[in-house]
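Peer 1: You'll find structure17.cif just under this line, and it carries mmCIF, C-alpha atoms.
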```cif
data_query
loop_
_atom_site.label_atom_id
_atom_site.label_comp_id
_atom_site.auth_asym_id
_atom_site.auth_seq_id
_atom_site.Cartn_x
_atom_site.Cartn_y
_atom_site.Cartn_z
CA MET A 1 100.00 150.54 -84.96
CA SER A 2 98.15 153.59 -83.80
CA ALA A 3 95.83 152.95 -80.86
CA PRO A 4 92.43 154.59 -80.73
CA ALA A 5 92.37 157.96 -79.03
CA SER A 6 90.46 158.11 -75.77
CA GLY A 7 86.99 159.57 -76.15
CA LEU A 8 86.67 158.10 -79.63
CA ALA A 9 83.61 156.00 -80.41
CA GLN A 10 84.82 152.42 -80.55
CA ILE A 11 83.62 149.02 -81.61
CA GLY A 12 85.78 146.57 -79.70
CA LYS A 13 87.22 143.40 -81.10
CA SER A 14 84.59 141.11 -79.59
CA VAL A 15 81.70 143.18 -80.94
CA VAL A 16 79.74 142.21 -84.06
CA VAL A 17 77.44 144.76 -85.68
CA LYS A 18 75.13 144.12 -88.62
CA GLY A 19 73.21 146.94 -90.24
CA GLU A 20 73.57 150.64 -91.00
CA LEU A 21 76.00 152.65 -88.92
CA SER A 22 75.93 156.43 -89.10
CA GLY A 23 77.18 159.18 -86.84
CA SER A 24 78.76 162.56 -86.41
CA GLU A 25 81.92 161.60 -84.57
CA ASP A 26 85.04 159.66 -85.45
CA LEU A 27 84.72 155.90 -85.18
CA TYR A 28 87.28 153.18 -84.44
CA VAL A 29 86.29 149.65 -85.44
CA ASP A 30 88.33 146.76 -84.13
CA GLY A 31 85.47 144.27 -84.27
CA GLN A 32 83.20 143.09 -87.06
CA VAL A 33 80.80 145.30 -88.95
CA GLU A 34 78.58 144.19 -91.80
CA GLY A 35 76.30 146.58 -93.69
CA SER A 36 77.09 150.22 -94.30
CA ILE A 37 78.97 152.98 -92.49
CA ALA A 38 78.16 156.67 -93.06
CA LEU A 39 80.24 159.27 -91.24
CA LYS A 40 79.99 162.12 -93.72
CA ALA A 41 82.06 164.69 -91.81
CA ASN A 42 84.12 162.30 -89.71
CA SER A 43 86.70 159.58 -89.94
CA LEU A 44 86.61 155.83 -89.74
CA THR A 45 89.58 153.80 -88.53
CA VAL A 46 89.54 150.05 -89.01
CA GLY A 47 91.89 148.68 -86.35
CA PRO A 48 94.26 145.74 -86.82
CA ASN A 49 91.61 143.26 -85.67
CA GLY A 50 88.78 144.99 -87.50
CA GLN A 51 86.82 143.13 -90.16
CA VAL A 52 84.46 145.40 -92.02
CA LYS A 53 82.18 144.18 -94.77
CA ALA A 54 80.41 147.39 -95.67
CA SER A 55 80.26 150.32 -97.99
CA VAL A 56 81.92 153.26 -96.31
CA ASP A 57 81.14 156.94 -96.78
CA ALA A 58 83.32 159.14 -94.58
CA LYS A 59 85.61 162.15 -94.57
CA GLY A 60 88.69 160.08 -93.87
CA VAL A 61 89.32 156.35 -93.73
CA VAL A 62 92.31 154.60 -92.15
CA VAL A 63 92.58 150.85 -92.59
CA GLN A 64 94.86 148.59 -90.56
CA GLY A 65 92.69 145.47 -90.72
CA LYS A 66 90.33 144.05 -93.30
CA LEU A 67 87.75 146.00 -95.25
CA GLU A 68 85.54 144.57 -97.95
CA GLY A 69 83.36 147.13 -99.71
CA ASN A 70 83.59 150.38 -101.59
CA ILE A 71 85.13 153.39 -99.88
CA GLN A 72 83.96 156.91 -100.60
CA ALA A 73 86.10 159.42 -98.71
CA SER A 74 85.68 163.15 -99.19
CA ASP A 75 89.19 163.85 -97.85
CA ARG A 76 91.67 160.99 -97.62
CA VAL A 77 92.25 157.25 -97.39
CA GLU A 78 95.21 155.65 -95.64
CA LEU A 79 96.04 151.99 -96.07
CA ARG A 80 98.54 150.84 -93.47
CA LYS A 81 100.91 147.97 -94.16
CA SER A 82 98.60 145.38 -92.55
CA ALA A 83 95.55 146.57 -94.52
CA ILE A 84 93.60 144.18 -96.72
CA VAL A 85 91.08 146.07 -98.81
CA THR A 86 88.79 144.63 -101.45
CA GLY A 87 86.65 147.26 -103.11
CA ASP A 88 86.79 150.46 -105.10
CA ILE A 89 88.17 153.63 -103.54
CA SER A 90 87.08 157.13 -104.42
CA THR A 91 88.88 159.91 -102.58
CA GLN A 92 90.85 163.13 -102.92
CA ARG A 93 94.08 161.80 -101.45
CA ILE A 94 95.39 158.33 -100.80
CA SER A 95 98.42 156.96 -99.01
CA ILE A 96 99.37 153.31 -99.11
CA GLU A 97 102.10 151.73 -97.03
CA GLU A 98 104.22 149.07 -98.62
CA GLY A 99 102.75 145.67 -97.79
CA ALA A 100 99.14 146.82 -97.91
CA TYR A 101 96.87 144.73 -100.12
CA LEU A 102 94.32 146.43 -102.35
CA LYS A 103 92.07 144.79 -104.86
CA GLY A 104 89.95 147.35 -106.65
CA LYS A 105 89.75 150.57 -108.59
CA VAL A 106 91.17 153.85 -107.33
CA ASP A 107 89.50 157.06 -108.36
CA ILE A 108 91.13 160.31 -107.27
CA HIS A 109 88.83 163.28 -107.50
CA ARG A 110 90.22 166.76 -107.30
CA ALA A 111 89.13 169.19 -104.60
CA GLU A 112 86.47 171.62 -105.72
CA VAL A 113 87.92 175.09 -106.26
CA LYS A 114 85.97 177.64 -104.22
CA MET B 1 136.85 141.16 -88.37
CA LYS B 2 133.90 142.94 -89.78
CA LEU B 3 132.77 139.75 -91.48
CA PHE B 4 131.99 138.17 -88.15
CA ARG B 5 130.07 141.10 -86.82
CA GLY B 6 127.13 139.92 -88.82
CA SER B 7 123.84 141.65 -88.37
CA SER B 8 120.84 139.79 -87.02
CA GLY B 9 118.47 138.08 -89.41
CA SER B 10 115.80 140.71 -88.99
CA GLU B 11 118.30 143.50 -89.70
CA THR B 12 119.37 141.72 -92.87
CA VAL B 13 115.78 141.40 -93.95
CA ARG B 14 115.20 145.09 -93.28
CA GLU B 15 118.32 146.01 -95.25
CA GLN B 16 117.22 143.89 -98.18
CA ALA B 17 113.74 145.35 -98.01
CA SER B 18 115.03 148.89 -98.25
CA GLN B 19 117.20 148.18 -101.31
CA LYS B 20 115.85 150.02 -104.32
CA LEU B 21 116.99 149.46 -107.87
CA THR B 22 116.23 151.68 -110.79
CA ARG B 23 116.02 150.22 -114.26
CA ARG B 24 115.13 151.48 -117.67
CA SER B 25 112.35 149.56 -119.37
CA SER B 26 112.00 149.68 -123.13
CA GLY B 27 108.67 147.87 -122.94
CA LEU B 28 107.31 150.42 -120.51
CA GLY B 29 108.71 153.21 -122.68
CA GLU B 30 106.78 151.91 -125.67
CA LEU B 31 103.64 151.30 -123.62
CA SER B 32 103.84 154.77 -122.09
CA ARG B 33 103.10 156.32 -125.49
CA THR B 34 99.59 154.95 -125.01
CA TRP B 35 98.93 156.78 -121.77
CA GLU B 36 100.62 159.97 -122.89
CA SER B 37 98.39 160.31 -125.93
CA ALA B 38 95.00 158.85 -125.09
CA ASP B 39 92.17 160.43 -123.13
CA VAL B 40 91.07 158.25 -120.24
CA LEU B 41 92.47 154.74 -120.07
CA CYS B 42 91.62 151.77 -117.90
CA ILE B 43 94.80 150.23 -116.53
CA LEU B 44 95.19 147.04 -114.52
CA ASP B 45 98.25 146.71 -112.29
CA LEU B 46 98.83 143.10 -111.25
CA GLY B 47 101.88 143.74 -109.10
CA SER B 48 102.11 144.50 -105.41
CA THR B 49 99.86 147.41 -104.48
CA SER B 50 101.84 150.53 -105.34
CA ALA B 51 100.91 154.02 -104.23
CA THR B 52 103.47 155.34 -106.72
CA ASN B 53 101.74 153.67 -109.66
CA ILE B 54 98.31 154.76 -108.47
CA ARG B 55 99.53 158.36 -108.22
CA PHE B 56 101.28 158.11 -111.61
CA PHE B 57 98.13 157.09 -113.44
CA THR B 58 95.53 159.07 -111.53
CA GLU B 59 97.54 162.27 -112.02
CA LYS B 60 97.28 161.65 -115.76
CA GLY B 61 93.52 161.23 -115.39
CA HIS B 62 93.47 157.48 -116.06
CA ARG B 63 91.58 154.84 -114.11
CA ILE B 64 93.75 152.34 -112.29
CA TYR B 65 92.77 148.97 -110.91
CA SER B 66 95.11 147.20 -108.53
CA GLU B 67 95.10 143.44 -108.03
CA ASP B 68 98.06 141.66 -106.46
CA LEU B 69 97.60 138.25 -108.05
CA LEU B 70 100.75 136.71 -106.60
CA THR B 71 99.63 137.39 -103.05
CA ALA B 72 96.13 136.21 -103.94
CA SER B 73 97.62 132.92 -105.17
CA THR B 74 98.96 132.18 -101.67
CA ASP B 75 95.44 131.75 -100.31
CA PRO B 76 95.47 128.32 -98.59
CA GLU B 77 91.85 127.77 -99.66
CA LEU B 78 93.09 127.31 -103.24
CA LEU B 79 94.96 124.13 -102.37
CA MET B 80 93.48 120.92 -103.72
CA LYS B 81 94.66 117.48 -104.83
CA ASP B 82 94.79 116.37 -108.45
CA GLU B 83 93.97 112.82 -109.67
CA GLN B 84 97.44 111.62 -108.71
CA GLY B 85 97.10 113.07 -105.24
CA ASN B 86 99.52 115.92 -105.85
CA ALA B 87 98.84 119.27 -104.23
CA VAL B 88 97.83 121.81 -106.88
CA LEU B 89 96.06 125.14 -106.88
CA ASP B 90 92.42 125.28 -107.92
CA SER B 91 92.54 127.52 -110.99
CA ARG B 92 88.72 127.62 -111.28
CA LYS B 93 88.33 128.95 -107.77
CA PHE B 94 91.20 131.35 -108.35
CA LEU B 95 89.52 132.79 -111.44
CA ALA B 96 86.15 132.89 -109.70
CA ASP B 97 87.69 135.09 -106.98
CA ASN B 98 90.18 137.11 -109.03
CA LEU B 99 90.36 139.02 -112.32
CA VAL B 100 86.59 139.33 -112.35
CA TYR B 101 85.97 142.15 -114.83
CA PRO B 102 83.76 142.69 -117.84
CA ALA B 103 85.17 141.54 -121.18
CA ALA B 104 87.33 144.05 -123.08
CA HIS B 105 87.54 146.39 -120.08
CA PHE B 106 91.22 147.37 -119.99
CA ASP B 107 93.46 149.34 -122.32
CA ALA B 108 96.65 148.10 -120.66
CA VAL B 109 97.68 145.40 -118.21
CA LEU B 110 100.89 145.59 -116.20
CA CYS B 111 101.80 141.99 -115.52
CA TRP B 112 105.38 142.70 -114.39
CA ASN B 113 107.11 139.43 -113.46
CA LEU B 114 103.92 137.60 -112.49
CA PRO B 115 104.21 134.62 -114.93
CA ASP B 116 107.71 133.74 -113.63
CA TYR B 117 106.53 133.45 -110.03
CA LEU B 118 102.94 132.29 -110.38
CA ASP B 119 102.15 128.64 -109.73
CA GLU B 120 102.25 126.51 -112.89
CA SER B 121 98.57 125.58 -112.64
CA LEU B 122 97.51 129.23 -112.76
CA VAL B 123 99.69 130.67 -115.53
CA LYS B 124 97.69 129.65 -118.62
CA PRO B 125 94.24 130.26 -117.09
CA VAL B 126 95.36 133.72 -115.94
CA VAL B 127 96.75 134.63 -119.37
CA GLY B 128 93.50 133.41 -120.93
CA ARG B 129 91.47 135.63 -118.60
CA LEU B 130 93.77 138.58 -119.30
CA TRP B 131 93.13 138.16 -123.02
CA SER B 132 89.40 138.42 -122.42
CA VAL B 133 89.53 141.48 -120.15
CA LEU B 134 91.84 143.38 -122.51
CA LYS B 135 90.27 145.50 -125.23
CA PRO B 136 91.15 144.54 -128.81
CA GLY B 137 94.32 146.52 -129.44
CA GLY B 138 95.00 146.68 -125.69
CA MET B 139 98.54 145.99 -124.50
CA LEU B 140 100.08 143.81 -121.84
CA LEU B 141 103.59 144.18 -120.43
CA ALA B 142 105.36 141.25 -118.79
CA PHE B 143 108.92 140.51 -117.70
CA PHE B 144 110.60 137.13 -117.91
CA HIS B 145 113.95 135.95 -116.58
CA THR B 146 116.31 134.66 -119.25
CA ARG B 147 118.03 132.32 -116.81
CA ASP B 148 117.46 130.94 -113.36
CA ALA B 149 119.85 132.82 -111.16
CA GLY B 150 118.53 131.14 -108.01
CA PRO B 151 118.59 133.51 -105.06
CA ASP B 152 119.68 136.25 -107.45
CA SER B 153 116.24 136.11 -109.05
CA PRO B 154 114.27 137.85 -106.34
CA CYS B 155 110.69 138.82 -106.88
CA HIS B 156 110.29 142.58 -107.07
CA ARG B 157 107.56 145.12 -106.66
CA PHE B 158 107.61 147.68 -109.46
CA HIS B 159 107.00 151.39 -109.14
CA ILE B 160 106.77 153.59 -112.24
CA VAL B 161 108.91 156.67 -111.68
CA GLY B 162 109.11 157.94 -115.25
CA GLY B 163 108.02 157.27 -118.81
CA ASP B 164 110.47 154.38 -119.17
CA THR B 165 111.93 154.14 -115.68
CA LEU B 166 111.05 151.73 -112.93
CA GLU B 167 112.04 151.54 -109.32
CA MET B 168 112.26 147.95 -108.15
CA LYS B 169 112.09 146.79 -104.56
CA LYS B 170 112.71 143.25 -103.52
CA ILE B 171 109.76 141.51 -101.92
CA VAL B 172 111.27 140.04 -98.77
CA LEU B 173 110.26 136.95 -96.87
CA ARG B 174 107.37 137.37 -94.53
CA ARG B 175 107.98 135.15 -91.59
CA GLU B 176 105.24 136.47 -89.38
CA ALA B 177 101.74 135.09 -89.38
CA ARG B 178 99.55 137.21 -91.60
CA ARG B 179 96.01 137.15 -92.80
CA GLY B 180 95.66 136.49 -96.51
CA PRO B 181 93.20 138.28 -98.77
CA THR B 182 90.38 135.99 -97.69
CA GLY B 183 91.19 136.47 -94.02
CA ALA B 184 92.72 133.01 -93.63
CA VAL B 185 95.90 133.03 -91.53
CA HIS B 186 99.08 132.24 -93.39
CA THR B 187 101.58 130.91 -90.87
CA ALA B 188 104.45 131.82 -93.18
CA ILE B 189 104.83 133.05 -96.71
CA ASP B 190 108.33 132.03 -97.70
CA GLY B 191 108.67 134.75 -100.26
CA PHE B 192 108.13 134.10 -103.93
CA GLN B 193 110.48 131.82 -105.81
CA LEU B 194 111.14 131.76 -109.51
CA GLN B 195 108.97 128.88 -110.75
CA ARG B 196 110.45 128.38 -114.19
CA VAL B 197 112.37 130.07 -116.98
CA PHE B 198 110.38 130.61 -120.15
CA ASN B 199 112.24 130.62 -123.46
CA ASN B 200 111.02 132.61 -126.46
CA ARG B 201 108.96 129.71 -127.79
CA HIS B 202 107.25 129.17 -124.44
CA ILE B 203 106.39 132.85 -124.29
CA GLU B 204 105.04 132.89 -127.85
CA ASN B 205 102.97 129.84 -126.97
CA LEU B 206 101.67 131.42 -123.80
CA PHE B 207 100.46 134.47 -125.71
CA ARG B 208 99.45 132.68 -128.90
CA ASP B 209 95.89 134.07 -128.82
CA PHE B 210 97.19 137.62 -128.91
CA ALA B 211 97.59 139.54 -132.17
CA SER B 212 101.25 140.46 -131.82
CA ILE B 213 104.21 140.07 -129.52
CA LYS B 214 107.37 142.13 -129.20
CA PHE B 215 110.50 141.20 -127.24
CA PHE B 216 112.99 143.55 -125.61
CA LEU B 217 116.11 141.95 -124.19
CA ALA B 218 117.55 143.90 -121.30
CA ARG B 219 121.06 143.74 -119.86
CA ASP B 220 119.92 142.38 -116.50
CA ASN B 221 118.85 138.98 -117.90
CA ILE B 222 115.28 140.12 -118.20
CA ARG B 223 113.26 139.66 -121.36
CA GLU B 224 110.52 142.25 -121.60
CA VAL B 225 107.47 141.30 -123.57
CA LEU B 226 104.82 143.62 -124.93
CA VAL B 227 101.80 141.87 -126.38
CA VAL B 228 98.82 143.33 -128.16
CA ARG B 229 95.40 141.74 -128.10
#
```
Here is the file; what I need is its structure written in the form of structure tokens.
Peer 2:
Amino acid sequence: MSAPASGLAQIGKSVVVKGELSGSEDLYVDGQVEGSIALKANSLTVGPNGQVKASVDAKGVVVQGKLEGNIQASDRVELRKSAIVTGDISTQRISIEEGAYLKGKVDIHRAEVK
Amino acid sequence: MKLFRGSSGSETVREQASQKLTRRSSGLGELSRTWESADVLCILDLGSTSATNIRFFTEKGHRIYSEDLLTASTDPELLMKDEQGNAVLDSRKFLADNLVYPAAHFDAVLCWNLPDYLDESLVKPVVGRLWSVLKPGGMLLAFFHTRDAGPDSPCHRFHIVGGDTLEMKKIVLRREARRGPTGAVHTAIDGFQLQRVFNNRHIENLFRDFASIKFFLARDNIREVLVVR
């Protein structure tokens, strides 16, 4: 399991957040979040203890724990083997480790040609 | 002697997990004509979540939905007692939590070997729900064992690697505690065991509401079934 990098914004495993979360830096969630998460140009990592019940809009999303809600990622989504995801995923690239659980639709959108 | 230099249990499990088998599937070959010719299809994959399958379909421009029903059926919250006090799975709760889609939503459903390993109480309700979420003319592919080969009937995850070619990987025992789809902790999932062996008549009965059924008998004691709603 990858540990959060130092200097990264973190929600620890004993923390519970309800509401709208938005920011302009990468976020590591190992606690509970309920609501919505918007990190347009940054990445969200749901740690192994993380339990997120929210719609997620981010550049990249890595899931090691549990995420319930739709994921909109402008770049990529990674589901690690311990991931449990219930919701639709819309992204450019996706990687799924064997053992990950996904219940939902996957929509891969192509990068816009400049 | 080499025989007595046995590897540890965890090594054996890892070895088994890494074993990949490739098999040709006539049913998949026939079904693949659908996704080679049509515009945008809605496909439901009921096997273990497979990045290979997701890539396969999304690269063709189709919409893929993934729902691992076998894993979902291990949710301890589904356990209830029937009138005789026997432990059974609550099929109503299962269908309230799973396979929740609008009617006639899918062009194709990949059932793989789900009916062989799914608990008895869930098989008919699940097939009934699949009928309703399939479009008229939509197709469903399922695999059935032709005999109970005991430990030689492992449950596999299926990855589509070609028009009629599958890569199969054995789903190994999970002995570690793991959170199930609802977040409940499963102390142990002892793998998936073959629940029964359907004969042709059982299969025809199971899919009796469908418009047509086609059997393909493979060499590896698997009967492939392609049904059309």
Peer 1: Could you list, as a list in words, every residue of chain A that has an atom within 9 Å of an atom of chain B, counting all atoms listed in the file?
Peer 2: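 Result: Gln51, Lys66, Ser82, Ile84, Val85, Thr86, Asp88, Ile94, Ser95, Ile96, Glu97, Glu98, Gly99, Ala100, Tyr101, Leu102, Lys103, Gly104, Lys105, Val106, Asp107, Ile108 and His109 of chain A.
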Peer 1: Keeping only C-alpha atoms, write the selected residues to a file as a short mmCIF file (atom, residue, chain, number, x, y, z; two decimals), keeping the file's coordinate frame.
Peer 2:
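Written file, out_17.cif:
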```
data_model
loop_
_atom_site.label_atom_id
_atom_site.label_comp_id
_atom_site.auth_asym_id
_atom_site.auth_seq_id
_atom_site.Cartn_x
_atom_site.Cartn_y
_atom_site.Cartn_z
CA GLN A 51 86.82 143.13 -90.16
CA LYS A 66 90.33 144.05 -93.30
CA SER A 82 98.60 145.38 -92.55
CA ILE A 84 93.60 144.18 -96.72
CA VAL A 85 91.08 146.07 -98.81
CA THR A 86 88.79 144.63 -101.45
CA ASP A 88 86.79 150.46 -105.10
CA ILE A 94 95.39 158.33 -100.80
CA SER A 95 98.42 156.96 -99.01
CA ILE A 96 99.37 153.31 -99.11
CA GLU A 97 102.10 151.73 -97.03
CA GLU A 98 104.22 149.07 -98.62
CA GLY A 99 102.75 145.67 -97.79
CA ALA A 100 99.14 146.82 -97.91
CA TYR A 101 96.87 144.73 -100.12
CA LEU A 102 94.32 146.43 -102.35
CA LYS A 103 92.07 144.79 -104.86
CA GLY A 104 89.95 147.35 -106.65
CA LYS A 105 89.75 150.57 -108.59
CA VAL A 106 91.17 153.85 -107.33
CA ASP A 107 89.50 157.06 -108.36
CA ILE A 108 91.13 160.31 -107.27
CA HIS A 109 88.83 163.28 -107.50
#
```
Peer 1: Find the residues near Ser14 in chain A: any atom within 12 Å, counting only C-alpha atoms, skip ones fewer than 3 places away on the same chain, and give them as a list in words.
Peer 2: Gln10, Ile11, Val17, Val29, Asp30, Gly31, Gln32, Val33, Asn49, Gly50 and Gln51 of chain A
Peer 1: Deliver the residues from the most recent selection as a file, using C-alpha atoms, as a compact mmCIF listing (two decimals), in the coordinates of the input.
Peer 2:
```txt
# COMPACT_ATOMS: atom_id res chain seq x y z
CA GLN A 10 84.82 152.42 -80.55
CA ILE A 11 83.62 149.02 -81.61
CA VAL A 17 77.44 144.76 -85.68
CA VAL A 29 86.29 149.65 -85.44
CA ASP A 30 88.33 146.76 -84.13
CA GLY A 31 85.47 144.27 -84.27
CA GLN A 32 83.20 143.09 -87.06
CA VAL A 33 80.80 145.30 -88.95
CA ASN A 49 91.61 143.26 -85.67
CA GLY A 50 88.78 144.99 -87.50
CA GLN A 51 86.82 143.13 -90.16
```
Peer 1: Using Å and a single decimal, report how far CA of Ser36 in chain A sits from CA of Leu67 in chain A.
Peer 2: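 Going from CA of Leu67 in chain A over to CA of Ser36 in chain A covers 11.5 Å.
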Peer 1: Could you tell me how far CA of Gly162 in chain B sits from CA of Val62 in chain A, in Å to one decimal place?
Peer 2: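 These atoms are spaced 28.8 Å apart.
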Peer 1: Just give me the gap between CA of Tyr117 in chain B and CA of Trp35 in chain B in Å, one decimal is fine.
Peer 2: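 It comes out at 27.2 Å.
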Peer 1: As lines of an AutoDock Vina configuration file, please: the centre and edge lengths in Å, to one decimal, of an axis-aligned box enclosing every listed atom of range 106-123 of chain B with 4 Å added on each side.
Peer 2:
```
center_x = 99.5
center_y = 137.5
center_z = -116.0
size_x = 24.5
size_y = 31.8
size_z = 20.6
```
Peer 1: Applied to the shown file, which residues does the PyMOL selection byres ((chain B and resi 105) around 6) return, written as an MDAnalysis selection string?
Peer 2: chainID B and resid 102:104 106 133:135
Peer 1: Measuring between all atoms listed in the file, which one of A:Ala73, A:Lys81, A:Val56, A:Val63 shows the shortest distance to Arg93 in chain A?
Peer 2: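 Closest candidate: A:Ala73.
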Peer 1: Can you list what the PyMOL selection byres ((chain A and resi 18-28) around 12) grabs from this structure, as a ChimeraX atom specification?
Peer 2: /A:2-13,15-17,29-65
Peer 1: How would range 37-51 of chain A look with N, CA and C atoms restored, written as a PDB file, keeping the file's coordinate frame?
Peer 2:
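To be explicit, this is the file written out as out_9.pdb:
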```
ATOM      1  N   ILE A  37      78.475 152.020 -93.478  1.00  0.00           N
ATOM      2  CA  ILE A  37      78.970 152.980 -92.490  1.00  0.00           C
ATOM      3  C   ILE A  37      78.943 154.371 -93.138  1.00  0.00           C
ATOM      4  N   ALA A  38      78.229 155.291 -92.526  1.00  0.00           N
ATOM      5  CA  ALA A  38      78.160 156.670 -93.060  1.00  0.00           C
ATOM      6  C   ALA A  38      78.584 157.652 -91.973  1.00  0.00           C
ATOM      7  N   LEU A  39      79.724 158.267 -92.180  1.00  0.00           N
ATOM      8  CA  LEU A  39      80.240 159.270 -91.240  1.00  0.00           C
ATOM      9  C   LEU A  39      80.663 160.477 -92.071  1.00  0.00           C
ATOM     10  N   LYS A  40      79.720 161.107 -92.686  1.00  0.00           N
ATOM     11  CA  LYS A  40      79.990 162.120 -93.720  1.00  0.00           C
ATOM     12  C   LYS A  40      81.123 163.102 -93.373  1.00  0.00           C
ATOM     13  N   ALA A  41      81.077 163.657 -92.150  1.00  0.00           N
ATOM     14  CA  ALA A  41      82.060 164.690 -91.810  1.00  0.00           C
ATOM     15  C   ALA A  41      83.131 164.174 -90.865  1.00  0.00           C
ATOM     16  N   ASN A  42      83.186 162.858 -90.689  1.00  0.00           N
ATOM     17  CA  ASN A  42      84.120 162.300 -89.710  1.00  0.00           C
ATOM     18  C   ASN A  42      84.907 161.136 -90.292  1.00  0.00           C
ATOM     19  N   SER A  43      85.790 160.612 -89.442  1.00  0.00           N
ATOM     20  CA  SER A  43      86.700 159.580 -89.940  1.00  0.00           C
ATOM     21  C   SER A  43      86.401 158.204 -89.369  1.00  0.00           C
ATOM     22  N   LEU A  44      86.723 157.218 -90.175  1.00  0.00           N
ATOM     23  CA  LEU A  44      86.610 155.830 -89.740  1.00  0.00           C
ATOM     24  C   LEU A  44      88.011 155.232 -89.699  1.00  0.00           C
ATOM     25  N   THR A  45      88.331 154.552 -88.597  1.00  0.00           N
ATOM     26  CA  THR A  45      89.580 153.800 -88.530  1.00  0.00           C
ATOM     27  C   THR A  45      89.223 152.336 -88.310  1.00  0.00           C
ATOM     28  N   VAL A  46      89.729 151.487 -89.195  1.00  0.00           N
ATOM     29  CA  VAL A  46      89.540 150.050 -89.010  1.00  0.00           C
ATOM     30  C   VAL A  46      90.820 149.544 -88.358  1.00  0.00           C
ATOM     31  N   GLY A  47      90.717 149.114 -87.114  1.00  0.00           N
ATOM     32  CA  GLY A  47      91.890 148.680 -86.350  1.00  0.00           C
ATOM     33  C   GLY A  47      92.459 147.371 -86.873  1.00  0.00           C
ATOM     34  N   PRO A  48      93.592 146.942 -86.323  1.00  0.00           N
ATOM     35  CA  PRO A  48      94.260 145.740 -86.820  1.00  0.00           C
ATOM     36  C   PRO A  48      93.410 144.472 -86.733  1.00  0.00           C
ATOM     37  N   ASN A  49      92.476 144.442 -85.780  1.00  0.00           N
ATOM     38  CA  ASN A  49      91.610 143.260 -85.670  1.00  0.00           C
ATOM     39  C   ASN A  49      90.265 143.463 -86.362  1.00  0.00           C
ATOM     40  N   GLY A  50      90.071 144.641 -86.907  1.00  0.00           N
ATOM     41  CA  GLY A  50      88.780 144.990 -87.500  1.00  0.00           C
ATOM     42  C   GLY A  50      88.507 144.220 -88.777  1.00  0.00           C
ATOM     43  N   GLN A  51      87.249 143.809 -88.925  1.00  0.00           N
ATOM     44  CA  GLN A  51      86.820 143.130 -90.160  1.00  0.00           C
ATOM     45  C   GLN A  51      85.515 143.784 -90.585  1.00  0.00           C
TER      46      GLN A  51
END
```
